[in-house]
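K.L.:
Sharing start-v9.cif, mmCIF, N, CA and C atoms:
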data_work
loop_
_atom_site.label_atom_id
_atom_site.label_comp_id
_atom_site.auth_asym_id
_atom_site.auth_seq_id
_atom_site.Cartn_x
_atom_site.Cartn_y
_atom_site.Cartn_z
N MET A 1 237.38 208.10 19.48
CA MET A 1 236.19 208.18 20.30
C MET A 1 235.58 209.58 20.25
N ALA A 2 236.43 210.57 20.21
CA ALA A 2 235.93 211.93 20.13
C ALA A 2 235.10 212.12 18.88
N ASP A 3 235.51 211.43 17.79
CA ASP A 3 234.75 211.54 16.55
C ASP A 3 233.37 210.90 16.71
N GLU A 4 233.28 209.78 17.45
CA GLU A 4 232.00 209.12 17.66
C GLU A 4 231.05 210.00 18.47
N GLU A 5 231.58 210.70 19.51
CA GLU A 5 230.74 211.58 20.33
C GLU A 5 230.21 212.73 19.49
N LYS A 6 231.03 213.29 18.60
CA LYS A 6 230.59 214.38 17.74
C LYS A 6 229.50 213.90 16.80
N LYS A 7 229.63 212.66 16.27
CA LYS A 7 228.61 212.13 15.37
C LYS A 7 227.28 211.97 16.12
N ASP A 8 227.35 211.48 17.41
CA ASP A 8 226.13 211.31 18.20
C ASP A 8 225.45 212.65 18.44
N GLU A 9 226.24 213.67 18.74
CA GLU A 9 225.66 215.00 18.99
C GLU A 9 225.02 215.55 17.74
N GLN A 10 225.63 215.30 16.58
CA GLN A 10 225.11 215.84 15.33
C GLN A 10 223.86 215.09 14.87
N SER A 11 223.71 213.85 15.24
CA SER A 11 222.58 213.06 14.77
C SER A 11 221.32 213.24 15.63
N VAL A 12 221.43 213.93 16.75
CA VAL A 12 220.27 214.14 17.61
C VAL A 12 219.37 215.18 16.95
N PRO A 13 218.12 214.83 16.65
CA PRO A 13 217.23 215.80 16.00
C PRO A 13 216.87 216.94 16.96
N VAL A 14 216.80 218.11 16.42
CA VAL A 14 216.45 219.28 17.21
C VAL A 14 214.96 219.52 17.04
N PRO A 15 214.21 219.59 18.14
CA PRO A 15 212.77 219.80 18.02
C PRO A 15 212.49 221.20 17.45
N PRO A 16 211.44 221.33 16.66
CA PRO A 16 211.10 222.64 16.10
C PRO A 16 210.66 223.58 17.23
N PRO A 17 210.83 224.87 17.02
CA PRO A 17 210.41 225.81 18.07
C PRO A 17 208.90 225.76 18.25
N ALA A 18 208.48 225.99 19.48
CA ALA A 18 207.04 225.97 19.78
C ALA A 18 206.35 227.12 19.07
N PRO A 19 205.17 226.88 18.55
CA PRO A 19 204.46 227.97 17.87
C PRO A 19 204.10 229.07 18.87
N ALA A 20 204.13 230.29 18.39
CA ALA A 20 203.79 231.43 19.25
C ALA A 20 202.31 231.36 19.59
N SER A 21 202.01 231.50 20.85
CA SER A 21 200.60 231.44 21.25
C SER A 21 199.93 232.77 20.95
N LYS A 22 198.67 232.67 20.62
CA LYS A 22 197.92 233.87 20.27
C LYS A 22 196.95 234.25 21.39
N THR A 23 197.29 233.91 22.60
CA THR A 23 196.44 234.25 23.73
C THR A 23 196.89 235.58 24.31
N GLU A 24 196.01 236.18 25.09
CA GLU A 24 196.34 237.44 25.74
C GLU A 24 197.36 237.19 26.84
N PRO A 25 198.18 238.18 27.11
CA PRO A 25 199.15 238.00 28.21
C PRO A 25 198.41 237.79 29.53
N VAL A 26 199.03 237.01 30.38
CA VAL A 26 198.42 236.71 31.67
C VAL A 26 198.49 237.96 32.55
N LYS A 27 197.35 238.36 33.07
CA LYS A 27 197.30 239.52 33.96
C LYS A 27 197.64 239.07 35.36
N LYS A 28 198.47 239.85 36.01
CA LYS A 28 198.82 239.52 37.39
C LYS A 28 197.61 239.83 38.27
N PRO A 29 197.26 238.90 39.15
CA PRO A 29 196.12 239.18 40.04
C PRO A 29 196.47 240.30 41.01
N GLU A 30 195.47 241.11 41.28
CA GLU A 30 195.68 242.19 42.23
C GLU A 30 195.88 241.59 43.62
N PRO A 31 196.78 242.17 44.40
CA PRO A 31 196.98 241.61 45.74
C PRO A 31 195.72 241.80 46.58
N ALA A 32 195.48 240.83 47.42
CA ALA A 32 194.31 240.90 48.29
C ALA A 32 194.48 242.07 49.25
N PRO A 33 193.39 242.78 49.53
CA PRO A 33 193.49 243.90 50.47
C PRO A 33 193.97 243.40 51.83
N THR A 34 194.81 244.18 52.44
CA THR A 34 195.37 243.81 53.73
C THR A 34 194.44 244.27 54.84
N LEU A 35 194.11 243.35 55.73
CA LEU A 35 193.28 243.68 56.87
C LEU A 35 194.17 244.19 57.99
N VAL A 36 193.74 245.28 58.63
CA VAL A 36 194.50 245.86 59.73
C VAL A 36 193.58 246.08 60.92
N THR A 37 194.18 246.10 62.10
CA THR A 37 193.41 246.38 63.31
C THR A 37 193.13 247.87 63.39
N LEU A 38 192.26 248.23 64.30
CA LEU A 38 191.94 249.65 64.50
C LEU A 38 193.20 250.41 64.91
N ASP A 39 193.97 249.86 65.83
CA ASP A 39 195.19 250.55 66.28
C ASP A 39 196.20 250.72 65.15
N ASP A 40 196.34 249.71 64.31
CA ASP A 40 197.25 249.83 63.17
C ASP A 40 196.78 250.92 62.21
N TYR A 41 195.48 250.96 61.98
CA TYR A 41 194.91 251.99 61.10
C TYR A 41 195.17 253.38 61.66
N LEU A 42 194.93 253.53 62.96
CA LEU A 42 195.12 254.85 63.59
C LEU A 42 196.60 255.24 63.65
N SER A 43 197.51 254.29 63.53
CA SER A 43 198.93 254.61 63.57
C SER A 43 199.41 255.30 62.29
N HIS A 44 198.66 255.15 61.20
CA HIS A 44 199.09 255.80 59.96
C HIS A 44 198.04 256.73 59.34
N VAL A 45 196.91 256.91 60.04
CA VAL A 45 195.87 257.83 59.57
C VAL A 45 195.43 258.68 60.75
N GLN A 46 195.24 259.97 60.51
CA GLN A 46 194.78 260.85 61.59
C GLN A 46 193.25 260.90 61.60
N VAL A 47 192.68 260.56 62.75
CA VAL A 47 191.24 260.61 62.95
C VAL A 47 191.02 261.40 64.24
N HIS A 48 190.02 262.27 64.23
CA HIS A 48 189.73 263.10 65.41
C HIS A 48 189.52 262.20 66.61
N MET A 49 190.16 262.57 67.74
CA MET A 49 190.10 261.70 68.92
C MET A 49 188.67 261.54 69.45
N GLY A 50 187.82 262.54 69.27
CA GLY A 50 186.43 262.41 69.71
C GLY A 50 185.67 261.38 68.88
N LEU A 51 185.99 261.33 67.60
CA LEU A 51 185.36 260.35 66.73
C LEU A 51 185.83 258.94 67.08
N VAL A 52 187.11 258.80 67.38
CA VAL A 52 187.64 257.50 67.80
C VAL A 52 187.00 257.08 69.11
N ALA A 53 186.86 258.02 70.04
CA ALA A 53 186.26 257.71 71.34
C ALA A 53 184.81 257.25 71.19
N SER A 54 184.03 257.96 70.36
CA SER A 54 182.63 257.56 70.19
C SER A 54 182.54 256.21 69.47
N PHE A 55 183.46 255.95 68.54
CA PHE A 55 183.48 254.68 67.84
C PHE A 55 183.78 253.54 68.82
N ARG A 56 184.80 253.74 69.66
CA ARG A 56 185.14 252.70 70.64
C ARG A 56 184.00 252.49 71.65
N TYR A 57 183.34 253.58 72.05
CA TYR A 57 182.22 253.46 73.00
C TYR A 57 181.10 252.62 72.38
N GLU A 58 180.78 252.89 71.13
CA GLU A 58 179.73 252.13 70.47
C GLU A 58 180.16 250.67 70.27
N ALA A 59 181.44 250.44 70.07
CA ALA A 59 181.95 249.08 69.86
C ALA A 59 181.83 248.24 71.14
N ARG A 60 181.65 248.88 72.29
CA ARG A 60 181.47 248.11 73.53
C ARG A 60 180.22 247.25 73.45
N SER A 61 179.17 247.77 72.78
CA SER A 61 177.94 246.99 72.65
C SER A 61 177.86 246.26 71.31
N LYS A 62 178.76 246.59 70.38
CA LYS A 62 178.81 245.92 69.06
C LYS A 62 180.25 245.53 68.76
N PRO A 63 180.74 244.43 69.35
CA PRO A 63 182.15 244.04 69.17
C PRO A 63 182.56 243.82 67.71
N GLU A 64 181.59 243.53 66.85
CA GLU A 64 181.92 243.30 65.44
C GLU A 64 182.50 244.56 64.78
N LEU A 65 182.27 245.71 65.37
CA LEU A 65 182.83 246.96 64.83
C LEU A 65 184.35 246.96 64.89
N LEU A 66 184.92 246.22 65.82
CA LEU A 66 186.38 246.21 66.00
C LEU A 66 187.08 245.11 65.21
N GLN A 67 186.34 244.37 64.38
CA GLN A 67 186.99 243.35 63.57
C GLN A 67 187.97 244.00 62.60
N ASP A 68 189.03 243.29 62.26
CA ASP A 68 190.02 243.82 61.32
C ASP A 68 189.35 244.18 59.99
N LYS A 69 189.80 245.30 59.42
CA LYS A 69 189.22 245.79 58.17
C LYS A 69 190.34 246.32 57.28
N THR A 70 190.01 246.56 56.02
CA THR A 70 190.95 247.23 55.13
C THR A 70 190.93 248.72 55.45
N ASP A 71 191.91 249.45 54.97
CA ASP A 71 191.94 250.90 55.19
C ASP A 71 190.65 251.56 54.68
N GLU A 72 190.19 251.11 53.53
CA GLU A 72 188.96 251.68 52.96
C GLU A 72 187.76 251.40 53.85
N GLN A 73 187.68 250.21 54.41
CA GLN A 73 186.57 249.86 55.29
C GLN A 73 186.62 250.67 56.58
N TRP A 74 187.85 250.90 57.12
CA TRP A 74 187.97 251.72 58.33
C TRP A 74 187.53 253.15 58.02
N ALA A 75 187.94 253.68 56.90
CA ALA A 75 187.55 255.06 56.54
C ALA A 75 186.03 255.15 56.43
N ASN A 76 185.42 254.14 55.83
CA ASN A 76 183.96 254.13 55.71
C ASN A 76 183.30 254.02 57.08
N ALA A 77 183.86 253.20 57.96
CA ALA A 77 183.29 253.04 59.31
C ALA A 77 183.33 254.37 60.07
N PHE A 78 184.45 255.10 59.96
CA PHE A 78 184.53 256.39 60.65
C PHE A 78 183.64 257.44 59.99
N ARG A 79 183.47 257.34 58.68
CA ARG A 79 182.55 258.27 58.00
C ARG A 79 181.13 258.04 58.50
N LEU A 80 180.73 256.78 58.59
CA LEU A 80 179.39 256.46 59.10
C LEU A 80 179.23 256.91 60.55
N GLN A 81 180.28 256.71 61.35
CA GLN A 81 180.23 257.12 62.75
C GLN A 81 180.07 258.64 62.86
N SER A 82 180.73 259.37 61.97
CA SER A 82 180.65 260.83 62.02
C SER A 82 179.27 261.36 61.63
N GLU A 83 178.52 260.53 60.88
CA GLU A 83 177.20 260.95 60.45
C GLU A 83 176.10 260.49 61.40
N THR A 84 176.44 259.72 62.42
CA THR A 84 175.47 259.18 63.36
C THR A 84 174.88 260.32 64.21
N GLN A 85 173.57 260.33 64.29
CA GLN A 85 172.87 261.32 65.11
C GLN A 85 172.29 260.62 66.34
N TYR A 86 172.70 261.10 67.52
CA TYR A 86 172.21 260.53 68.77
C TYR A 86 171.13 261.44 69.34
N GLU A 87 170.14 260.82 69.97
CA GLU A 87 169.06 261.61 70.60
C GLU A 87 169.23 261.65 72.09
#
Write the structure described by the file as structure tokens, please.
P.N.:
Amino acid sequence: MADEEKKDEQSVPVPPPAPASKTEPVKKPEPAPTLVTLDDYLSHVQVHMGLVASFRYEARSKPELLQDKTDEQWANAFRLQSETQYE
């Protein structure tokens, strides 16, 4: 019987190797930017407390300012706040 099993194993055709593809390697997608709250952003970035206070004061009338943002968006928001001229 052992001889019959060996014959069966030897008679099974081996498929040819798959042809090498000529496509470009798959690029890993960049991770989506992480949205953080204002408090989370301020926990790892130093922003002048007066600038934070004026930003929060303005956010009282514009709640959309406090929506979660990426670090880059928060930096841009504080840059814009720092350039605001009040009369």
K.L.:
List the neighbours of Lys69 (chain A) out to 8 Å using all atoms listed in the file; skip same-chain residues closer than 2 positions along the sequence, and give me the result as an MDAnalysis selection string.
P.N.:
chainID A and resid 33:38 65:67 71:75
K.L.:
Have a look at atom N of Gln85 (chain A) and atom C of Asp40 (chain A) and let me know their distance in Å, one decimal.
P.N.:
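Atom C of Asp40 (chain A) lies at a distance of 25.1 Å from atom N of Gln85 (chain A).
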K.L.:
Please expand the PyMOL selection byres (((chain A and resi 55 and name CA) around 9) and name CA) into the concrete residues it hits in this file, giving the result as a JSON list (two decimals) with N, CA and C atoms, in the frame of the given file.
P.N.:
[["chain", "number", "residue", "atom", "x", "y", "z"],
["A", 50, "GLY", "N", 187.82, 262.54, 69.27],
["A", 50, "GLY", "CA", 186.43, 262.41, 69.71],
["A", 50, "GLY", "C", 185.67, 261.38, 68.88],
["A", 51, "LEU", "N", 185.99, 261.33, 67.60],
["A", 51, "LEU", "CA", 185.36, 260.35, 66.73],
["A", 51, "LEU", "C", 185.83, 258.94, 67.08],
["A", 52, "VAL", "N", 187.11, 258.80, 67.38],
["A", 52, "VAL", "CA", 187.64, 257.50, 67.80],
["A", 52, "VAL", "C", 187.00, 257.08, 69.11],
["A", 53, "ALA", "N", 186.86, 258.02, 70.04],
["A", 53, "ALA", "CA", 186.26, 257.71, 71.34],
["A", 53, "ALA", "C", 184.81, 257.25, 71.19],
["A", 54, "SER", "N", 184.03, 257.96, 70.36],
["A", 54, "SER", "CA", 182.63, 257.56, 70.19],
["A", 54, "SER", "C", 182.54, 256.21, 69.47],
["A", 56, "ARG", "N", 184.80, 253.74, 69.66],
["A", 56, "ARG", "CA", 185.14, 252.70, 70.64],
["A", 56, "ARG", "C", 184.00, 252.49, 71.65],
["A", 57, "TYR", "N", 183.34, 253.58, 72.05],
["A", 57, "TYR", "CA", 182.22, 253.46, 73.00],
["A", 57, "TYR", "C", 181.10, 252.62, 72.38],
["A", 58, "GLU", "N", 180.78, 252.89, 71.13],
["A", 58, "GLU", "CA", 179.73, 252.13, 70.47],
["A", 58, "GLU", "C", 180.16, 250.67, 70.27],
["A", 59, "ALA", "N", 181.44, 250.44, 70.07],
["A", 59, "ALA", "CA", 181.95, 249.08, 69.86],
["A", 59, "ALA", "C", 181.83, 248.24, 71.14],
["A", 60, "ARG", "N", 181.65, 248.88, 72.29],
["A", 60, "ARG", "CA", 181.47, 248.11, 73.53],
["A", 60, "ARG", "C", 180.22, 247.25, 73.45],
["A", 65, "LEU", "N", 182.27, 245.71, 65.37],
["A", 65, "LEU", "CA", 182.83, 246.96, 64.83],
["A", 65, "LEU", "C", 184.35, 246.96, 64.89],
["A", 77, "ALA", "N", 183.86, 253.20, 57.96],
["A", 77, "ALA", "CA", 183.29, 253.04, 59.31],
["A", 77, "ALA", "C", 183.33, 254.37, 60.07],
["A", 78, "PHE", "N", 184.45, 255.10, 59.96],
["A", 78, "PHE", "CA", 184.53, 256.39, 60.65],
["A", 78, "PHE", "C", 183.64, 257.44, 59.99],
["A", 81, "GLN", "N", 180.28, 256.71, 61.35],
["A", 81, "GLN", "CA", 180.23, 257.12, 62.75],
["A", 81, "GLN", "C", 180.07, 258.64, 62.86],
["A", 82, "SER", "N", 180.73, 259.37, 61.97],
["A", 82, "SER", "CA", 180.65, 260.83, 62.02],
["A", 82, "SER", "C", 179.27, 261.36, 61.63]]
K.L.:
I'd like the interatomic distance between CA of Glu87 (chain A) and atom N of Val47 (chain A), to a tenth of an Å.
P.N.:
24.9 Å
K.L.:
Just the number, please: distance in Å from atom C of Lys27 (chain A) to CA of Asp68 (chain A), one decimal.
P.N.:
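So the answer is 27.5 Å.
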K.L.:
List every residue of region 15-65 of chain A that DSSP, applied to the backbone, labels as helix (DSSP H, G or I), and write the result as a VMD selection string.
P.N.:
chain A and resid 38 to 44 49 to 59 63 to 65
K.L.:
Any chance you could work out the axis-aligned box around region 36-49 of chain A, listed atoms only, 5 Å on each side, giving centre and edge lengths in Å to one decimal, as lines of an AutoDock Vina configuration file?
P.N.:
center_x = 194.0
center_y = 254.2
center_z = 64.0
size_x = 20.7
size_y = 27.8
size_z = 20.8
K.L.:
Can I get N, CA, C and O atoms for region 33-62 of chain A, as a short mmCIF file (atom, residue, chain, number, x, y, z; two decimals), in the first residue's frame?
P.N.:
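Dumped to result-v1.cif:
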data_model
loop_
_atom_site.label_atom_id
_atom_site.label_comp_id
_atom_site.auth_asym_id
_atom_site.auth_seq_id
_atom_site.Cartn_x
_atom_site.Cartn_y
_atom_site.Cartn_z
N PRO A 33 -5.23 61.53 8.34
CA PRO A 33 -4.84 62.42 9.44
C PRO A 33 -5.76 62.22 10.64
O PRO A 33 -6.96 62.03 10.49
N THR A 34 -5.18 62.25 11.80
CA THR A 34 -5.94 62.03 13.02
C THR A 34 -6.53 63.36 13.49
O THR A 34 -5.82 64.35 13.62
N LEU A 35 -7.82 63.34 13.76
CA LEU A 35 -8.48 64.52 14.28
C LEU A 35 -8.36 64.53 15.79
O LEU A 35 -8.53 63.51 16.44
N VAL A 36 -8.03 65.70 16.34
CA VAL A 36 -7.88 65.83 17.79
C VAL A 36 -8.69 67.02 18.27
O VAL A 36 -8.95 67.96 17.52
N THR A 37 -9.07 66.98 19.53
CA THR A 37 -9.79 68.10 20.12
C THR A 37 -8.81 69.21 20.44
O THR A 37 -7.59 69.01 20.43
N LEU A 38 -9.34 70.37 20.76
CA LEU A 38 -8.48 71.50 21.12
C LEU A 38 -7.65 71.16 22.35
O LEU A 38 -6.44 71.41 22.38
N ASP A 39 -8.27 70.55 23.36
CA ASP A 39 -7.53 70.21 24.58
C ASP A 39 -6.42 69.19 24.31
O ASP A 39 -5.34 69.30 24.87
N ASP A 40 -6.69 68.22 23.45
CA ASP A 40 -5.66 67.25 23.10
C ASP A 40 -4.49 67.94 22.38
O ASP A 40 -3.33 67.64 22.60
N TYR A 41 -4.83 68.85 21.48
CA TYR A 41 -3.79 69.59 20.75
C TYR A 41 -2.93 70.40 21.72
O TYR A 41 -1.71 70.39 21.65
N LEU A 42 -3.60 71.08 22.64
CA LEU A 42 -2.86 71.93 23.59
C LEU A 42 -2.04 71.09 24.57
O LEU A 42 -1.09 71.60 25.17
N SER A 43 -2.36 69.81 24.73
CA SER A 43 -1.60 68.97 25.64
C SER A 43 -0.22 68.61 25.10
O SER A 43 0.66 68.25 25.86
N HIS A 44 -0.03 68.71 23.78
CA HIS A 44 1.28 68.38 23.22
C HIS A 44 1.92 69.50 22.41
O HIS A 44 2.99 69.33 21.84
N VAL A 45 1.27 70.67 22.37
CA VAL A 45 1.82 71.83 21.67
C VAL A 45 1.67 73.04 22.58
O VAL A 45 0.63 73.22 23.22
N GLN A 46 2.71 73.87 22.63
CA GLN A 46 2.63 75.07 23.46
C GLN A 46 2.09 76.24 22.62
O GLN A 46 2.62 76.54 21.56
N VAL A 47 1.01 76.83 23.12
CA VAL A 47 0.40 77.99 22.48
C VAL A 47 0.24 79.04 23.58
O VAL A 47 -0.15 78.71 24.70
N HIS A 48 0.54 80.29 23.25
CA HIS A 48 0.44 81.37 24.24
C HIS A 48 -0.97 81.39 24.82
O HIS A 48 -1.97 81.31 24.10
N MET A 49 -1.05 81.50 26.16
CA MET A 49 -2.36 81.41 26.82
C MET A 49 -3.29 82.54 26.40
O MET A 49 -4.51 82.36 26.35
N GLY A 50 -2.76 83.71 26.05
CA GLY A 50 -3.61 84.80 25.58
C GLY A 50 -4.24 84.48 24.22
O GLY A 50 -5.39 84.83 23.97
N LEU A 51 -3.48 83.81 23.39
CA LEU A 51 -4.00 83.41 22.09
C LEU A 51 -5.08 82.35 22.24
O LEU A 51 -6.12 82.40 21.58
N VAL A 52 -4.87 81.41 23.16
CA VAL A 52 -5.88 80.39 23.43
C VAL A 52 -7.14 81.04 23.99
O VAL A 52 -8.26 80.71 23.58
N ALA A 53 -6.97 82.00 24.89
CA ALA A 53 -8.12 82.67 25.49
C ALA A 53 -8.93 83.43 24.43
O ALA A 53 -10.16 83.34 24.41
N SER A 54 -8.25 84.16 23.54
CA SER A 54 -8.98 84.90 22.51
C SER A 54 -9.66 83.93 21.53
O SER A 54 -10.76 84.20 21.06
N PHE A 55 -9.02 82.80 21.26
CA PHE A 55 -9.61 81.81 20.37
C PHE A 55 -10.88 81.23 21.00
O PHE A 55 -11.92 81.13 20.35
N ARG A 56 -10.80 80.87 22.28
CA ARG A 56 -11.98 80.32 22.96
C ARG A 56 -13.10 81.37 23.06
O ARG A 56 -14.28 81.03 22.94
N TYR A 57 -12.73 82.63 23.29
CA TYR A 57 -13.74 83.69 23.38
C TYR A 57 -14.48 83.82 22.05
O TYR A 57 -15.70 83.92 22.01
N GLU A 58 -13.72 83.81 20.96
CA GLU A 58 -14.35 83.93 19.65
C GLU A 58 -15.19 82.69 19.34
O GLU A 58 -16.22 82.78 18.67
N ALA A 59 -14.78 81.54 19.83
CA ALA A 59 -15.52 80.29 19.59
C ALA A 59 -16.87 80.30 20.29
O ALA A 59 -17.75 79.50 19.93
N ARG A 60 -17.06 81.18 21.27
CA ARG A 60 -18.37 81.26 21.93
C ARG A 60 -19.45 81.65 20.94
O ARG A 60 -20.58 81.20 21.02
N SER A 61 -19.09 82.52 19.97
CA SER A 61 -20.08 82.93 18.96
C SER A 61 -19.96 82.12 17.67
O SER A 61 -20.82 82.21 16.80
N LYS A 62 -18.87 81.35 17.54
CA LYS A 62 -18.67 80.50 16.35
C LYS A 62 -18.26 79.10 16.81
O LYS A 62 -17.09 78.73 16.77
#
